[in-house]
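The structure file protein-v7.pdb is reproduced below (PDB, C-alpha atoms and all ligand atoms).
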ATOM      1  CA  MET A   6      41.985  -3.018 -53.615
ATOM      2  CA  ALA A   7      43.027  -3.877 -57.183
ATOM      3  CA  LEU A   8      39.849  -5.945 -57.702
ATOM      4  CA  SER A   9      37.622  -3.019 -56.728
ATOM      5  CA  ARG A  10      39.522  -0.669 -59.036
ATOM      6  CA  ALA A  11      39.365  -3.216 -61.848
ATOM      7  CA  ILE A  12      35.592  -3.675 -61.506
ATOM      8  CA  GLU A  13      35.045   0.078 -61.566
ATOM      9  CA  THR A  14      37.373   0.605 -64.519
ATOM     10  CA  ARG A  15      35.376  -1.876 -66.641
ATOM     11  CA  LYS A  16      32.282   0.357 -66.315
ATOM     12  CA  PRO A  17      31.465   2.878 -69.086
ATOM     13  CA  ALA A  18      33.398   6.151 -68.770
ATOM     14  CA  ALA A  19      30.284   8.162 -67.918
ATOM     15  CA  GLU A  20      29.441   5.820 -65.070
ATOM     16  CA  ARG A  21      32.704   5.003 -63.341
ATOM     17  CA  ILE A  22      34.197   6.866 -60.390
ATOM     18  CA  CYS A  23      37.819   5.942 -61.082
ATOM     19  CA  CYS A  24      39.781   4.524 -63.993
ATOM     20  CA  ASP A  25      42.841   2.333 -63.445
ATOM     21  CA  PRO A  26      43.405   0.083 -66.485
ATOM     22  CA  LEU A  27      46.477  -1.544 -64.905
ATOM     23  CA  ALA A  28      44.511  -2.715 -61.839
ATOM     24  CA  GLU A  29      43.148  -5.864 -63.467
ATOM     25  CA  ARG A  30      46.573  -6.736 -64.835
ATOM     26  CA  PHE A  31      47.922  -6.913 -61.280
ATOM     27  CA  LEU A  32      45.333  -9.565 -60.423
ATOM     28  CA  GLY A  33      46.043 -13.281 -60.419
ATOM     29  CA  ALA A  34      44.028 -15.598 -62.684
ATOM     30  CA  LYS A  35      41.515 -16.459 -59.942
ATOM     31  CA  TYR A  36      40.554 -12.800 -59.479
ATOM     32  CA  ARG A  37      40.642 -11.938 -63.186
ATOM     33  CA  MET A  38      37.968 -14.586 -63.726
ATOM     34  CA  LEU A  39      35.686 -12.493 -61.532
ATOM     35  CA  LEU A  40      35.719  -9.741 -64.169
ATOM     36  CA  TRP A  41      33.938 -11.732 -66.899
ATOM     37  CA  GLY A  42      30.768  -9.997 -68.065
ATOM     38  CA  ARG A  43      28.961  -7.016 -66.564
ATOM     39  CA  PRO A  44      26.208  -9.008 -64.798
ATOM     40  CA  PHE A  45      28.849 -11.174 -63.157
ATOM     41  CA  ARG A  46      30.921  -8.142 -62.127
ATOM     42  CA  ASP A  47      27.828  -6.548 -60.593
ATOM     43  CA  VAL A  48      27.312  -9.700 -58.523
ATOM     44  CA  VAL A  49      30.959  -9.628 -57.381
ATOM     45  CA  GLU A  50      30.632  -5.936 -56.448
ATOM     46  CA  GLY A  51      27.529  -6.789 -54.420
ATOM     47  CA  GLN A  52      29.308  -9.686 -52.722
ATOM     48  CA  ILE A  53      32.254  -7.468 -51.728
ATOM     49  CA  GLU A  54      29.762  -4.982 -50.272
ATOM     50  CA  ARG A  55      27.886  -7.680 -48.375
ATOM     51  CA  ARG A  56      31.092  -9.062 -46.868
ATOM     52  CA  PHE A  57      32.874  -5.747 -46.246
ATOM     53  CA  ALA A  58      30.292  -2.978 -45.902
ATOM     54  CA  GLY A  59      31.445   0.280 -47.477
ATOM     55  CA  HIS A  60      34.833  -1.072 -48.596
ATOM     56  CA  HIS A  61      34.369  -1.144 -52.371
ATOM     57  CA  TYR A  62      32.933   2.373 -52.589
ATOM     58  CA  TYR A  63      35.570   3.767 -50.255
ATOM     59  CA  VAL A  64      38.411   2.267 -52.330
ATOM     60  CA  ILE A  65      37.164   3.635 -55.661
ATOM     61  CA  ALA A  66      36.375   7.081 -54.190
ATOM     62  CA  ARG A  67      39.776   7.187 -52.492
ATOM     63  CA  THR A  68      41.538   6.268 -55.749
ATOM     64  CA  ARG A  69      39.724   9.117 -57.503
ATOM     65  CA  TYR A  70      40.422  11.606 -54.705
ATOM     66  CA  PHE A  71      44.153  10.829 -54.726
ATOM     67  CA  ASP A  72      44.138  10.992 -58.553
ATOM     68  CA  ASP A  73      42.465  14.402 -58.490
ATOM     69  CA  LEU A  74      44.820  15.745 -55.873
ATOM     70  CA  LEU A  75      47.885  14.433 -57.721
ATOM     71  CA  GLN A  76      46.798  16.124 -60.941
ATOM     72  CA  GLN A  77      46.130  19.355 -59.104
ATOM     73  CA  ARG A  78      49.575  19.331 -57.506
ATOM     74  CA  LEU A  79      51.265  18.524 -60.846
ATOM     75  CA  ALA A  80      49.402  21.408 -62.492
ATOM     76  CA  GLY A  81      50.540  23.567 -59.560
ATOM     77  CA  GLY A  82      54.204  22.832 -60.195
ATOM     78  CA  ALA A  83      55.167  19.752 -58.129
ATOM     79  CA  LYS A  84      58.534  18.460 -59.335
ATOM     80  CA  GLN A  85      58.678  15.127 -57.490
ATOM     81  CA  LEU A  86      56.115  12.457 -56.632
ATOM     82  CA  VAL A  87      56.763  10.174 -53.661
ATOM     83  CA  ILE A  88      54.355   7.253 -53.281
ATOM     84  CA  LEU A  89      54.668   5.847 -49.758
ATOM     85  CA  GLY A  90      53.631   2.198 -49.368
ATOM     86  CA  ALA A  91      53.001   2.047 -53.124
ATOM     87  CA  GLY A  92      51.711  -1.525 -53.395
ATOM     88  CA  TYR A  93      49.761  -1.831 -56.669
ATOM     89  CA  ASP A  94      49.556   1.934 -57.160
ATOM     90  CA  SER A  95      49.787   2.392 -60.937
ATOM     91  CA  ARG A  96      49.970   6.197 -61.029
ATOM     92  CA  PRO A  97      53.601   6.413 -62.277
ATOM     93  CA  TYR A  98      52.432   4.582 -65.422
ATOM     94  CA  ARG A  99      48.801   5.753 -65.686
ATOM     95  CA  PHE A 100      49.807   9.407 -65.435
ATOM     96  CA  ALA A 101      53.033   9.110 -67.452
ATOM     97  CA  ASP A 102      51.926  11.786 -69.927
ATOM     98  CA  ARG A 103      51.092  14.294 -67.191
ATOM     99  CA  LEU A 104      54.177  13.486 -65.108
ATOM    100  CA  GLY A 105      56.531  14.657 -67.855
ATOM    101  CA  GLY A 106      59.912  15.208 -66.216
ATOM    102  CA  VAL A 107      58.607  14.741 -62.660
ATOM    103  CA  GLN A 108      60.795  12.297 -60.734
ATOM    104  CA  VAL A 109      58.768   9.512 -59.113
ATOM    105  CA  PHE A 110      59.820   7.489 -56.069
ATOM    106  CA  GLU A 111      57.885   4.322 -55.351
ATOM    107  CA  VAL A 112      58.603   3.657 -51.676
ATOM    108  CA  ASP A 113      57.537   0.334 -50.240
ATOM    109  CA  HIS A 114      58.433  -2.432 -47.853
ATOM    110  CA  PRO A 115      61.424  -4.337 -49.335
ATOM    111  CA  ALA A 116      59.446  -7.533 -49.991
ATOM    112  CA  THR A 117      56.557  -5.701 -51.663
ATOM    113  CA  SER A 118      58.892  -3.456 -53.647
ATOM    114  CA  THR A 119      60.771  -6.380 -55.181
ATOM    115  CA  ALA A 120      57.532  -8.125 -56.153
ATOM    116  CA  LYS A 121      56.098  -4.918 -57.649
ATOM    117  CA  GLN A 122      59.161  -4.308 -59.832
ATOM    118  CA  ALA A 123      58.996  -7.833 -61.209
ATOM    119  CA  LYS A 124      55.288  -7.403 -61.930
ATOM    120  CA  ILE A 125      55.762  -4.032 -63.663
ATOM    121  CA  ARG A 126      58.574  -5.409 -65.844
ATOM    122  CA  ALA A 127      56.324  -8.294 -66.858
ATOM    123  CA  LEU A 128      53.447  -5.927 -67.674
ATOM    124  CA  ILE A 129      55.124  -2.964 -69.387
ATOM    125  CA  GLY A 130      58.752  -3.970 -69.981
ATOM    126  CA  GLU A 131      61.461  -1.571 -68.812
ATOM    127  CA  ILE A 132      60.725   0.640 -65.841
ATOM    128  CA  PRO A 133      60.615   4.284 -67.026
ATOM    129  CA  ALA A 134      63.761   6.335 -66.322
ATOM    130  CA  ASN A 135      61.859   8.791 -64.096
ATOM    131  CA  VAL A 136      60.654   6.047 -61.717
ATOM    132  CA  ALA A 137      62.894   4.903 -58.836
ATOM    133  CA  TYR A 138      61.989   2.048 -56.518
ATOM    134  CA  VAL A 139      63.002   2.654 -52.911
ATOM    135  CA  ALA A 140      62.878  -0.208 -50.408
ATOM    136  CA  VAL A 141      61.954   1.142 -46.965
ATOM    137  CA  ASP A 142      60.450  -0.343 -43.834
ATOM    138  CA  PHE A 143      58.814   2.663 -42.149
ATOM    139  CA  THR A 144      59.181   1.003 -38.746
ATOM    140  CA  VAL A 145      62.981   0.649 -38.900
ATOM    141  CA  ASP A 146      64.505   2.594 -41.814
ATOM    142  CA  THR A 147      65.222   6.306 -42.139
ATOM    143  CA  LEU A 148      63.162   7.496 -45.087
ATOM    144  CA  ALA A 149      65.461  10.474 -45.729
ATOM    145  CA  ASP A 150      68.569   8.315 -46.140
ATOM    146  CA  LYS A 151      66.868   5.919 -48.534
ATOM    147  CA  LEU A 152      65.255   8.628 -50.673
ATOM    148  CA  LEU A 153      68.330  10.860 -50.844
ATOM    149  CA  ALA A 154      70.389   7.860 -51.964
ATOM    150  CA  ARG A 155      68.003   7.453 -54.933
ATOM    151  CA  GLY A 156      68.170  11.106 -56.004
ATOM    152  CA  TYR A 157      65.374  12.742 -54.016
ATOM    153  CA  ARG A 158      65.950  16.521 -53.710
ATOM    154  CA  ALA A 159      64.618  18.226 -50.585
ATOM    155  CA  THR A 160      64.587  21.563 -52.404
ATOM    156  CA  ARG A 161      61.954  20.517 -54.957
ATOM    157  CA  PRO A 162      58.224  20.895 -54.310
ATOM    158  CA  THR A 163      56.966  17.362 -53.879
ATOM    159  CA  VAL A 164      53.631  15.611 -53.635
ATOM    160  CA  PHE A 165      53.520  12.674 -51.211
ATOM    161  CA  LEU A 166      50.770  10.056 -51.558
ATOM    162  CA  TRP A 167      50.308   7.667 -48.603
ATOM    163  CA  GLU A 168      47.277   5.585 -49.438
ATOM    164  CA  GLY A 169      45.990   2.716 -47.353
ATOM    165  CA  VAL A 170      49.071   2.453 -45.139
ATOM    166  CA  THR A 171      48.899   4.381 -41.833
ATOM    167  CA  PRO A 172      46.509   1.969 -40.011
ATOM    168  CA  TYR A 173      49.220  -0.707 -40.139
ATOM    169  CA  LEU A 174      51.969   1.462 -38.570
ATOM    170  CA  ASP A 175      52.495   2.810 -35.067
ATOM    171  CA  LEU A 176      52.367   6.478 -34.077
ATOM    172  CA  ALA A 177      56.171   6.761 -33.981
ATOM    173  CA  ALA A 178      56.497   5.533 -37.578
ATOM    174  CA  VAL A 179      53.697   7.838 -38.766
ATOM    175  CA  ASP A 180      55.361  10.783 -37.033
ATOM    176  CA  ARG A 181      58.769   9.998 -38.536
ATOM    177  CA  VAL A 182      57.274  10.143 -42.039
ATOM    178  CA  LEU A 183      55.354  13.360 -41.326
ATOM    179  CA  SER A 184      58.471  14.956 -39.879
ATOM    180  CA  PHE A 185      60.412  14.045 -43.029
ATOM    181  CA  VAL A 186      57.664  15.551 -45.205
ATOM    182  CA  MET A 187      57.723  18.749 -43.127
ATOM    183  CA  ASP A 188      61.426  19.090 -44.063
ATOM    184  CA  SER A 189      60.559  19.098 -47.776
ATOM    185  CA  ALA A 190      60.369  22.229 -49.938
ATOM    186  CA  ALA A 191      57.684  24.878 -49.427
ATOM    187  CA  GLY A 192      54.737  24.044 -51.635
ATOM    188  CA  SER A 193      55.046  20.315 -50.997
ATOM    189  CA  ALA A 194      51.936  18.457 -49.886
ATOM    190  CA  ILE A 195      50.943  15.116 -48.422
ATOM    191  CA  VAL A 196      47.677  13.236 -48.643
ATOM    192  CA  PHE A 197      47.020  10.101 -46.602
ATOM    193  CA  ASP A 198      44.142   8.172 -45.187
ATOM    194  CA  TYR A 199      43.618   6.998 -41.630
ATOM    195  CA  ILE A 200      41.087   5.173 -39.532
ATOM    196  CA  LEU A 201      39.294   6.277 -36.402
ATOM    197  CA  ARG A 202      40.980   5.189 -33.192
ATOM    198  CA  SER A 203      37.764   3.484 -32.075
ATOM    199  CA  VAL A 204      38.277   0.920 -34.857
ATOM    200  CA  VAL A 205      41.763   0.129 -33.573
ATOM    201  CA  ASP A 206      40.277  -0.273 -30.075
ATOM    202  CA  GLY A 207      37.495  -2.494 -31.406
ATOM    203  CA  THR A 208      34.817  -0.193 -29.959
ATOM    204  CA  CYS A 209      33.567   1.443 -33.174
ATOM    205  CA  THR A 210      29.851   0.782 -33.768
ATOM    206  CA  LEU A 211      29.704   2.089 -37.356
ATOM    207  CA  ARG A 212      28.335  -0.524 -39.767
ATOM    208  CA  GLY A 213      31.143  -2.854 -40.914
ATOM    209  CA  ALA A 214      33.847  -1.544 -38.549
ATOM    210  CA  ALA A 215      33.783  -4.523 -36.163
ATOM    211  CA  ASN A 216      34.075  -6.843 -39.163
ATOM    212  CA  GLU A 217      37.199  -5.040 -40.428
ATOM    213  CA  PHE A 218      38.704  -5.021 -36.926
ATOM    214  CA  ALA A 219      38.148  -8.791 -36.624
ATOM    215  CA  LYS A 220      39.408  -9.558 -40.132
ATOM    216  CA  MET A 221      42.602  -7.512 -39.835
ATOM    217  CA  GLY A 222      43.282  -8.956 -36.388
ATOM    218  CA  ARG A 223      43.606 -12.366 -38.039
ATOM    219  CA  THR A 224      46.213 -11.149 -40.579
ATOM    220  CA  SER A 225      49.878 -10.173 -40.423
ATOM    221  CA  GLU A 226      48.779  -6.500 -40.646
ATOM    222  CA  PRO A 227      46.598  -5.868 -37.575
ATOM    223  CA  LEU A 228      45.180  -2.356 -37.251
ATOM    224  CA  SER A 229      47.522  -0.298 -35.130
ATOM    225  CA  PHE A 230      47.280   3.467 -35.750
ATOM    226  CA  GLY A 231      44.134   5.586 -35.563
ATOM    227  CA  ILE A 232      43.096   9.161 -34.808
ATOM    228  CA  ASP A 233      40.233  10.197 -32.536
ATOM    229  CA  GLU A 234      37.147  11.314 -34.429
ATOM    230  CA  GLY A 235      37.349  15.029 -35.292
ATOM    231  CA  GLN A 236      40.983  15.348 -34.168
ATOM    232  CA  ALA A 237      42.808  14.722 -37.456
ATOM    233  CA  PRO A 238      43.035  18.371 -38.620
ATOM    234  CA  ALA A 239      44.564  19.338 -35.251
ATOM    235  CA  PHE A 240      46.861  16.291 -35.447
ATOM    236  CA  LEU A 241      48.286  17.478 -38.774
ATOM    237  CA  ALA A 242      48.273  21.183 -37.937
ATOM    238  CA  SER A 243      50.154  20.524 -34.669
ATOM    239  CA  ARG A 244      52.919  18.975 -36.771
ATOM    240  CA  GLY A 245      53.234  22.170 -38.810
ATOM    241  CA  PHE A 246      51.081  21.464 -41.861
ATOM    242  CA  GLN A 247      48.967  24.214 -43.415
ATOM    243  CA  ASN A 248      45.757  24.273 -45.443
ATOM    244  CA  VAL A 249      44.667  20.985 -43.895
ATOM    245  CA  VAL A 250      41.658  19.350 -45.565
ATOM    246  CA  ASP A 251      39.961  16.344 -43.925
ATOM    247  CA  VAL A 252      37.251  14.460 -45.832
ATOM    248  CA  GLY A 253      35.173  11.375 -45.179
ATOM    249  CA  ALA A 254      32.180   9.448 -46.462
ATOM    250  CA  GLN A 255      29.927  12.489 -46.726
ATOM    251  CA  GLU A 256      32.302  14.627 -48.775
ATOM    252  CA  LEU A 257      33.316  11.706 -51.017
ATOM    253  CA  SER A 258      29.677  10.883 -51.607
ATOM    254  CA  ASP A 259      28.781  14.505 -52.380
ATOM    255  CA  ARG A 260      31.661  14.811 -54.781
ATOM    256  CA  TYR A 261      31.693  11.515 -56.652
ATOM    257  CA  PHE A 262      28.502   9.520 -56.140
ATOM    258  CA  ASP A 263      25.685  12.047 -55.826
ATOM    259  CA  PRO A 264      26.370  13.653 -59.247
ATOM    260  CA  HIS A 265      25.764  10.163 -60.726
ATOM    261  CA  GLY A 266      22.514   9.883 -58.759
ATOM    262  CA  LYS A 267      24.071   7.045 -56.758
ATOM    263  CA  HIS A 268      23.814   6.664 -53.022
ATOM    264  CA  ARG A 269      26.393   4.248 -51.726
ATOM    265  CA  TYR A 270      27.601   3.290 -48.262
ATOM    266  CA  ILE A 271      31.221   4.453 -48.016
ATOM    267  CA  LYS A 272      32.889   3.162 -44.873
ATOM    268  CA  PRO A 273      32.872   6.219 -42.607
ATOM    269  CA  TRP A 274      35.628   5.119 -40.263
ATOM    270  CA  TRP A 275      38.285   5.625 -42.949
ATOM    271  CA  ARG A 276      39.030   9.273 -43.760
ATOM    272  CA  ILE A 277      41.449  11.170 -46.011
ATOM    273  CA  ILE A 278      43.499  14.139 -44.923
ATOM    274  CA  SER A 279      45.905  16.421 -46.741
ATOM    275  CA  GLY A 280      48.161  19.279 -45.753
ATOM    276  CA  GLU A 281      50.813  21.533 -47.198
ATOM    277  CA  VAL A 282      54.332  22.550 -46.314
ATOM    278  CA  GLY A 283      54.291  26.310 -46.728
ATOM    279  CA  SER A 284      51.767  27.585 -49.246
ATOM    280  CA  ALA A 285      53.609  28.266 -52.493
ATOM    281  CA  LEU A 286      51.369  26.090 -54.676
ATOM    282  CA  GLY A 287      47.928  27.200 -53.508
ATOM    283  CA  VAL A 288      45.106  25.115 -52.059
ATOM    284  CA  VAL A 289      45.291  21.356 -51.509
ATOM    285  CA  GLU A 290      41.649  20.510 -52.107
ATOM    286  CA  PRO A 291      41.284  18.864 -55.547
TER     287      PRO A 291
HETATM  288  C1  LIG A 301      46.961  -1.981 -48.205
HETATM  289  S1  LIG A 301      48.429  -1.781 -49.095
HETATM  290  C2  LIG A 301      48.111  -0.251 -49.956
HETATM  291  C3  LIG A 301      48.873  -0.197 -51.244
HETATM  292  C4  LIG A 301      48.598   1.003 -52.139
HETATM  293  N1  LIG A 301      49.055   2.250 -51.531
HETATM  294  C5  LIG A 301      47.138   1.085 -52.488
HETATM  295  O1  LIG A 301      46.435   1.964 -51.981
HETATM  296  O2  LIG A 301      46.700   0.243 -53.271
HETATM  297  C6  LIG A 301      49.569  -1.330 -47.840
HETATM  298  C7  LIG A 301      50.964  -1.007 -48.372
HETATM  299  O3  LIG A 301      51.731  -0.528 -47.274
HETATM  300  C8  LIG A 301      52.995  -1.156 -47.295
HETATM  301  N2  LIG A 301      53.506  -1.230 -45.927
HETATM  302  C9  LIG A 301      52.892  -1.743 -44.832
HETATM  303  N3  LIG A 301      53.703  -1.667 -43.758
HETATM  304  C10 LIG A 301      54.856  -1.076 -44.187
HETATM  305  C11 LIG A 301      56.081  -0.729 -43.561
HETATM  306  N4  LIG A 301      56.300  -0.981 -42.264
HETATM  307  N5  LIG A 301      57.040  -0.143 -44.310
HETATM  308  C12 LIG A 301      56.846   0.097 -45.634
HETATM  309  N6  LIG A 301      55.703  -0.205 -46.270
HETATM  310  C13 LIG A 301      54.722  -0.792 -45.572
HETATM  311  C14 LIG A 301      52.759  -2.532 -47.887
HETATM  312  O4  LIG A 301      53.944  -3.082 -48.429
HETATM  313  C15 LIG A 301      51.696  -2.204 -48.945
HETATM  314  O5  LIG A 301      52.294  -1.843 -50.169
END

Kindly present the structure from the file in structure tokens form.
Ligand SMILES: C[S@@+](CC[C@H](N)C(=O)[O-])C[C@H]1O[C@@H](n2cnc3c(N)ncnc32)[C@H](O)[C@@H]1O
Amino acid sequence: MALSRAIETRKPAAERICCDPLAERFLGAKYRMLLWGRPFRDVVEGQIERRFAGHHYYVIARTRYFDDLLQQRLAGGAKQLVILGAGYDSRPYRFADRLGGVQVFEVDHPATSTAKQAKIRALIGEIPANVAYVAVDFTVDTLADKLLARGYRATRPTVFLWEGVTPYLDLAAVDRVLSFVMDSAAGSAIVFDYILRSVVDGTCTLRGAANEFAKMGRTSEPLSFGIDEGQAPAFLASRGFQNVVDVGAQELSDRYFDPHGKHRYIKPWWRIISGEVGSALGVVEP
């Protein structure tokens, strides 16, 4: 993830889809070596695409989509930002000027959260006062208890980002998080991505899906949660969310790649969905 963002960020401003200057600083020395020189980076980008069809272009388009949505929600009056499964998400630092007084909660698995804090201190020094780290295991902990203990206020319109996480959880854990979000203030919104259930089953025939299924099956994070194709808007609406927007490869391509005259394979079995609690802040679509 961070390598793809770093490669894209090194491109000229007019060319790149997303910009995340901290991404390359999260990388270990072995990966940073892969960033030397544009011709070399182009080869690495091609290699990632050959090994994991559609992955690189999905990651950079997803980063941009979440960035756009975050900025839209901040402009619309969001007062808190909760990043669920934050990993190497750098938005609390990249968007520091636009966050102003917005309280940020970086929620992550305890092991990942501890490692991230150490990394951030090494990179930027003190953690900003508006950023709280919250150690949560979505499969066992109660998100509400952990967030409230760190100062989260259920009465404040909040934007929740949940990027690259749901495939590794089960339905019960996903539903617990969505239920918590539904209890947040009117005007709050969540955006998350998900995979098609056929990938979890290993029956998806889309190019590259079987490869991802096989690869993740060999790791400690096998794919677990998916939604049937075409059912995600109903899935979110049935849980009470409004103004649901569901986008995939086609919409991401239309929005970010086609204006650059680029036609790239974005893995179509990953999709991004957003929804609102109430409707005080207007539309969700960035
Ligand atoms: C693929 S990474 C995505 C990180 C980041 N959101 C991004 O897009 O770069 C998955 C993240 O989900 C977190 N995660 C996975 N399972 C979790 C769980 N049961 N509870 C809390 N966090 C979890 C991991 O710690 C990791 O930060």

If I take CA of Asp251 (chain A) and CA of Leu152 (chain A), how far is one from the other in Å, to one decimal?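 We find that CA of Asp251 (chain A) and CA of Leu152 (chain A) lie 27.3 Å from each other.
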
Please, what distance in Å, to one decimal, runs between CA of Gly105 (chain A) and CA of Gln76 (chain A)?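 If I compute the distance from CA of Gly105 (chain A) to CA of Gln76 (chain A), I get 12.0 Å.
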
Check what the PyMOL selection byres (((not hetatm)) within 10 of (chain A and resi 301)) selects in the file above and give those residues as JSON, numbers by chain. {"A": [6, 7, 10, 28, 64, 67, 68, 71, 88, 89, 90, 91, 92, 93, 94, 95, 111, 112, 113, 114, 115, 116, 117, 118, 120, 121, 139, 140, 141, 142, 143, 144, 145, 146, 148, 166, 167, 168, 169, 170, 171, 172, 173, 174, 175, 178, 179, 197, 198, 225, 226]}

Pick from A:Gly192, A:Gly33, A:Gly51, A:Gly59: nearest to Leu211 (chain A), with all atoms listed in the file counted?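 The closest residue to Leu211 (chain A) is A:Gly59.
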
Would you list the contacts of Phe240 (chain A) as a ChimeraX atom specification, taking every protein, DNA or RNA residue within 12 Å and counting only C-alpha atoms, but skipping same-chain residues closer than 3 positions in sequence? /A:176,179-180,183,199,231-237,243-247,249-251,278-280

CA of Arg276 (chain A) to CA of Ser203 (chain A): how many Å, to one decimal?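 About the pair CA of Arg276 (chain A) and CA of Ser203 (chain A): they are 13.1 Å apart.
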
Taking the file as shown, find all residues satisfying the PyMOL selection byres (((chain A and resi 194) around 10) and not hetatm) and write them as a PyMOL selection string. chain A and resi 74-75+78+83+86+162-166+186-187+189-193+195-196+246-249+279-284+286+288-289

What do you get, as a PyMOL selection string, if you spell out every residue that the PyMOL selection byres (((chain A and resi 273) around 9) and not hetatm) selects here? chain A and resi 59+63+200-201+211-212+214+253-255+270-272+274-276

Which residue out of A:Phe57, A:Asp73, A:Lys16, A:Val136 has the minimum interatomic distance to Met221 (chain A) when only C-alpha atoms are used? A:Phe57

Padding of 3 Å on every side, edges along x, y and z, all listed atoms of region 29-35 of chain A included: what centre and edge lengths in Å, to one decimal, does that box have, as JSON?
{"center_x": 44.7, "center_y": -11.2, "center_z": -62.4, "size_x": 12.4, "size_y": 16.6, "size_z": 10.9}

Taking all atoms listed in the file into account, which of A:Asn216, A:Ile22, A:Arg46, A:Ile129 comes nearest Ser258 (chain A)?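 Under the stated criterion, the closest residue is A:Ile22.
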
For Val109 (chain A), list every protein, DNA or RNA residue within 9 Å, evaluated using only C-alpha atoms, and leave out those in the same chain fewer than 2 positions away; present the list as JSON, numbers by chain. {"A": [84, 85, 86, 87, 88, 97, 104, 107, 111, 135, 136, 137, 138, 157]}

Pick from A:Ala177, A:Leu40, A:Ala34, A:Ala123 nearest to Ile12 (chain A), counting only C-alpha atoms: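 Of the candidates, the smallest distance to Ile12 (chain A) is held by A:Leu40.
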